[in-house]
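Scroll down for the structure; my scribbles are underneath it.
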Amino acid sequence: MTDYLPKVARLRAQIEKLADEIRELSDGMPPKEEALAAIDTHIEREAAKVTIRPNAFIGDADTAVSAYPESAHAYACKFFPDAIRERLRAEVEALYQGEVTITDDRKQERLEAQLLELERQEESLIREAAADGKNIPRRSDANPAITLAD
C-alpha cells in the first residue's frame, strides 16, 4: 500500500517554493534600461499637455501658454526637459542600486508551467489516495482548473 502523505507533502513544498518565486518575479521591477527609457516617454507625454501660443505676443491670444493642464510638472517637462530627465534618471538609478528582483516574463512563464505540472501530480496523488480509501484534503489555494479536470 502506497504512503501518499509524504509524496503529497514533498510536492506541496515544491509548489510553495515555485509559487514564491513566481510572486517575487511578478512583484519585481522591469530591467533598468526599460525604466530609464520610460522617463523620456513620460517627459514627452507631460510636455505635450502644455500648449504654447506665440500669437499672444502679437495680440491674437490671451496667454502665451495654455492654462491647462494645471500640473506644474507638465510645464517643467515642457520648458526644462533636460533638468527633469536628469533628476528622474538619478532617482531611477538609485532604485536599482541594491539587490532588486528584475521581472523576467520568459522565466515566469517557465515557472508557471512547472507549477501547473506539479499541481497536476499533486491532484493525481490525491485521486489515487481517494481510490485507495485515503482522504487527503486539497490545498485551499489549489488551482481549480486542475482540481476540476477529469
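Order determines the names: the first chain of the C-alpha cells is A, the second B, and so forth; residues in each chain are numbered 1 upward, and ligands are numbered 1 upward as they are shown.
Around range 12-19 of chain A, within 7 Å and counting only C-alpha atoms, the residues found are Val8, Ala9, Ile22, Arg23, Leu111, Leu115 and Leu118 of chain A, once anything fewer than 3 positions away on its own chain is removed.
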Export of the given selection (C-alpha atoms) as a PDB file, in the first residue's frame:
```pdb
ATOM      1  CA  VAL A   8       1.992  14.943  -1.363  1.00  0.00           C
ATOM      2  CA  ALA A   9       3.983  16.841   1.277  1.00  0.00           C
ATOM      3  CA  ILE A  22       6.650  33.462  -9.269  1.00  0.00           C
ATOM      4  CA  ARG A  23       5.310  36.062  -6.806  1.00  0.00           C
ATOM      5  CA  LEU A 111       7.971  28.560 -13.677  1.00  0.00           C
ATOM      6  CA  LEU A 115       3.889  24.844 -11.157  1.00  0.00           C
ATOM      7  CA  LEU A 118       3.385  19.886 -10.001  1.00  0.00           C
TER       8      LEU A 118
END
```
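For chain A, backbone-based DSSP assignment of strand (DSSP E or B) covers Met29, Ile52, Val65 and Ile102 of chain A.
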From a DSSP calculation on the backbone, collect every residue of range 52-107 of chain A in helix (DSSP H, G or I) and output the set as a ChimeraX atom specification. /A:54-58,72-79,81-95,105-107
Please, could you write that set of residues out with N, CA and C atoms as a JSON list (two decimals), in the first residue's frame?
```json
[["chain", "number", "residue", "atom", "x", "y", "z"],
["A", 54, "PRO", "N", 2.20, 81.35, -29.41],
["A", 54, "PRO", "CA", 3.03, 82.51, -29.76],
["A", 54, "PRO", "C", 2.21, 83.71, -30.24],
["A", 55, "ASN", "N", 0.97, 83.47, -30.64],
["A", 55, "ASN", "CA", 0.11, 84.58, -31.08],
["A", 55, "ASN", "C", -0.15, 85.59, -29.97],
["A", 56, "ALA", "N", 0.08, 85.18, -28.72],
["A", 56, "ALA", "CA", -0.12, 86.11, -27.60],
["A", 56, "ALA", "C", 0.81, 87.30, -27.71],
["A", 57, "PHE", "N", 1.93, 87.11, -28.36],
["A", 57, "PHE", "CA", 2.91, 88.19, -28.45],
["A", 57, "PHE", "C", 2.58, 89.19, -29.56],
["A", 58, "ILE", "N", 1.63, 88.83, -30.40],
["A", 58, "ILE", "CA", 1.21, 89.78, -31.43],
["A", 58, "ILE", "C", -0.23, 90.24, -31.20],
["A", 72, "ALA", "N", 2.16, 71.63, -12.54],
["A", 72, "ALA", "CA", 3.46, 72.30, -12.67],
["A", 72, "ALA", "C", 4.48, 71.35, -13.29],
["A", 73, "HIS", "N", 4.31, 70.06, -13.04],
["A", 73, "HIS", "CA", 5.23, 69.07, -13.60],
["A", 73, "HIS", "C", 5.16, 69.07, -15.13],
["A", 74, "ALA", "N", 3.97, 69.19, -15.67],
["A", 74, "ALA", "CA", 3.82, 69.23, -17.13],
["A", 74, "ALA", "C", 4.55, 70.44, -17.71],
["A", 75, "TYR", "N", 4.43, 71.57, -17.05],
["A", 75, "TYR", "CA", 5.13, 72.76, -17.51],
["A", 75, "TYR", "C", 6.64, 72.58, -17.41],
["A", 76, "ALA", "N", 7.09, 71.97, -16.33],
["A", 76, "ALA", "CA", 8.53, 71.72, -16.16],
["A", 76, "ALA", "C", 9.04, 70.79, -17.26],
["A", 77, "CYS", "N", 8.25, 69.79, -17.60],
["A", 77, "CYS", "CA", 8.65, 68.87, -18.68],
["A", 77, "CYS", "C", 8.71, 69.59, -20.02],
["A", 78, "LYS", "N", 7.84, 70.56, -20.22],
["A", 78, "LYS", "CA", 7.82, 71.31, -21.47],
["A", 78, "LYS", "C", 9.02, 72.26, -21.57],
["A", 79, "PHE", "N", 9.29, 72.98, -20.49],
["A", 79, "PHE", "CA", 10.31, 74.03, -20.55],
["A", 79, "PHE", "C", 11.69, 73.62, -20.05],
["A", 81, "PRO", "N", 13.03, 70.05, -19.97],
["A", 81, "PRO", "CA", 13.06, 68.59, -20.09],
["A", 81, "PRO", "C", 14.40, 67.98, -19.66],
["A", 82, "ASP", "N", 15.51, 68.67, -19.95],
["A", 82, "ASP", "CA", 16.82, 68.11, -19.60],
["A", 82, "ASP", "C", 17.00, 68.03, -18.09],
["A", 83, "ALA", "N", 16.57, 69.04, -17.38],
["A", 83, "ALA", "CA", 16.68, 69.03, -15.92],
["A", 83, "ALA", "C", 15.78, 67.96, -15.31],
["A", 84, "ILE", "N", 14.57, 67.84, -15.84],
["A", 84, "ILE", "CA", 13.64, 66.82, -15.35],
["A", 84, "ILE", "C", 14.20, 65.43, -15.65],
["A", 85, "ARG", "N", 14.69, 65.23, -16.86],
["A", 85, "ARG", "CA", 15.27, 63.94, -17.25],
["A", 85, "ARG", "C", 16.42, 63.56, -16.33],
["A", 86, "GLU", "N", 17.32, 64.51, -16.09],
["A", 86, "GLU", "CA", 18.48, 64.25, -15.23],
["A", 86, "GLU", "C", 18.04, 63.84, -13.83],
["A", 87, "ARG", "N", 17.06, 64.55, -13.28],
["A", 87, "ARG", "CA", 16.59, 64.25, -11.92],
["A", 87, "ARG", "C", 15.89, 62.90, -11.86],
["A", 88, "LEU", "N", 15.02, 62.63, -12.81],
["A", 88, "LEU", "CA", 14.30, 61.35, -12.81],
["A", 88, "LEU", "C", 15.25, 60.18, -13.03],
["A", 89, "ARG", "N", 16.23, 60.35, -13.89],
["A", 89, "ARG", "CA", 17.23, 59.29, -14.11],
["A", 89, "ARG", "C", 18.00, 59.00, -12.82],
["A", 90, "ALA", "N", 18.35, 60.03, -12.08],
["A", 90, "ALA", "CA", 19.07, 59.83, -10.81],
["A", 90, "ALA", "C", 18.20, 59.06, -9.82],
["A", 91, "GLU", "N", 16.92, 59.37, -9.77],
["A", 91, "GLU", "CA", 16.00, 58.67, -8.87],
["A", 91, "GLU", "C", 15.87, 57.20, -9.26],
["A", 92, "VAL", "N", 15.73, 56.93, -10.56],
["A", 92, "VAL", "CA", 15.60, 55.55, -11.03],
["A", 92, "VAL", "C", 16.89, 54.78, -10.79],
["A", 93, "GLU", "N", 18.01, 55.40, -11.09],
["A", 93, "GLU", "CA", 19.32, 54.75, -10.85],
["A", 93, "GLU", "C", 19.44, 54.35, -9.37],
["A", 94, "ALA", "N", 18.99, 55.21, -8.47],
["A", 94, "ALA", "CA", 19.07, 54.93, -7.04],
["A", 94, "ALA", "C", 18.23, 53.72, -6.66],
["A", 95, "LEU", "N", 17.09, 53.55, -7.32],
["A", 95, "LEU", "CA", 16.24, 52.38, -7.05],
["A", 95, "LEU", "C", 16.95, 51.07, -7.36],
["A", 105, "ASP", "N", 9.69, 37.80, -17.96],
["A", 105, "ASP", "CA", 8.46, 37.15, -18.41],
["A", 105, "ASP", "C", 8.69, 35.71, -18.85],
["A", 106, "ARG", "N", 9.78, 35.46, -19.56],
["A", 106, "ARG", "CA", 10.05, 34.09, -20.03],
["A", 106, "ARG", "C", 10.27, 33.14, -18.85],
["A", 107, "LYS", "N", 11.05, 33.59, -17.89],
["A", 107, "LYS", "CA", 11.30, 32.76, -16.71],
["A", 107, "LYS", "C", 10.00, 32.54, -15.94]]
```
Within 6 Å of range 28-41 of chain A, which residues of range 84-120 of chain A come that close, and what is the closest atom pair and distance in Å for each? Count only C-alpha atoms and give it as CSV.
```
residue,atom,partner,partner_atom,distance
A:Thr101,CA,A:Gly28,CA,4.7
A:Ile102,CA,A:Met29,CA,4.9
A:Thr103,CA,A:Gly28,CA,5.0
```
Write the residues of the preceding selection, restricted to N, CA and C atoms, as a compact mmCIF listing (two decimals), in the first residue's frame.
```txt
# COMPACT_ATOMS: atom_id res chain seq x y z
N THR A 101 14.83 42.51 -7.63
CA THR A 101 14.34 41.43 -8.48
C THR A 101 13.87 42.05 -9.78
N ILE A 102 14.45 41.58 -10.87
CA ILE A 102 14.08 42.07 -12.20
C ILE A 102 13.03 41.13 -12.78
N THR A 103 11.97 41.69 -13.30
CA THR A 103 10.96 40.86 -13.93
C THR A 103 11.54 40.16 -15.14
```
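We find CA of Ile126 in chain A and CA of Glu24 in chain A to be spaced 28.3 Å apart.
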Q. Near Ser71 in chain A, within 10 Å and counting only C-alpha atoms, which residues show up once chain neighbours fewer than 5 positions away are dropped, as a ChimeraX atom specification?
A. /A:46,49-50,76
Got time to write the residues from that selection, N, CA and C atoms, as a PDB file, in the first residue's frame?
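Saved the output as again_7.pdb:
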```pdb
ATOM      1  N   GLU A  46       3.987  64.374 -20.824  1.00  0.00           N
ATOM      2  CA  GLU A  46       3.632  65.507 -19.972  1.00  0.00           C
ATOM      3  C   GLU A  46       3.803  66.828 -20.718  1.00  0.00           C
ATOM      4  N   LYS A  49       1.037  68.071 -22.987  1.00  0.00           N
ATOM      5  CA  LYS A  49      -0.171  68.626 -22.363  1.00  0.00           C
ATOM      6  C   LYS A  49      -0.158  70.156 -22.337  1.00  0.00           C
ATOM      7  N   VAL A  50       1.009  70.743 -22.555  1.00  0.00           N
ATOM      8  CA  VAL A  50       1.161  72.198 -22.492  1.00  0.00           C
ATOM      9  C   VAL A  50       1.192  72.758 -23.914  1.00  0.00           C
ATOM     10  N   ALA A  76       7.092  71.972 -16.325  1.00  0.00           N
ATOM     11  CA  ALA A  76       8.528  71.722 -16.157  1.00  0.00           C
ATOM     12  C   ALA A  76       9.041  70.794 -17.258  1.00  0.00           C
TER      13      ALA A  76
END
```
How many Å separate CA of Gly133 in chain A from CA of Leu116 in chain A?
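It comes out at 25.7 Å.
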Using Å and a single decimal, report how far CA of Tyr96 in chain A sits from CA of Ala47 in chain A.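 Separation of CA of Ala47 in chain A and CA of Tyr96 in chain A: 26.3 Å.
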